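Colleague: Structure below; questions to follow.
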Amino acid sequence: MDAAEIHLEEGRTMKAIQLFLMDRNNATSMRRGYECIVQQLWRHLAFGISRKSASENPIVLELLEFGKQLNVGLLDSSATDEVCP
């Protein structure tokens with residue numbers, strides 16, 4: 001988790017998310033990964049963006065793939081509601 005925080009501090013958010021999600025049984029790591037995913041989705045999905053544009057954005061697609069890796073059993077219900085269909 002320390003390595004992920006360093007990557008995050010240095011602006012390598014996608015690498016940080018990847019590292020957070022590797023620690024599948026750590027609730028803190030899952031929460032941090034979740035927070036980073038949501039923050040980046042908000043950053044890359046501005047209001048008014050079309051669904052087609054969003055689906056063609058490689059960063060958005062990668063973030064959505066990261067979301068599939070979350071261990072939602074370790075997240076609270078409000079976080080689960082945001083990331084689960």
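Residues are named by chain letter and number: chains run A, B, ... in the order of the structure tokens, numbers start at 1 in each chain, and ligands are numbered from 1 in the order shown.
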Residues near Glu5 in chain A, anyone? I mean within 9 Å using only C-alpha atoms, not counting same-chain ones fewer than 4 positions away, as a VMD selection string.

Modeller: chain A and resid 1 9 to 10 16 20

Colleague: Any idea what's packed within 8 Å of range 22-37 of chain A, counting only C-alpha atoms, ignoring anything in its chain fewer than 4 positions away? Could you give it as a count of residues only?

Modeller: 15

Colleague: Name the residues of chain A that fall into alpha helix (DSSP H) according to DSSP on the backbone, using the chain letters and numbers of this document, as a ChimeraX atom specification.

Modeller: /A:2-9,13-22,27-44,51-55,58-69,77-83

Colleague: Nearest to Ile59 in chain A among A:Asp81, A:Met14, A:Ile6, A:Ala46, with distances taken over only C-alpha atoms: which residue is it?

Modeller: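 Between A:Asp81, A:Met14, A:Ile6, A:Ala46, the residue approaching Ile59 in chain A most closely is A:Met14.
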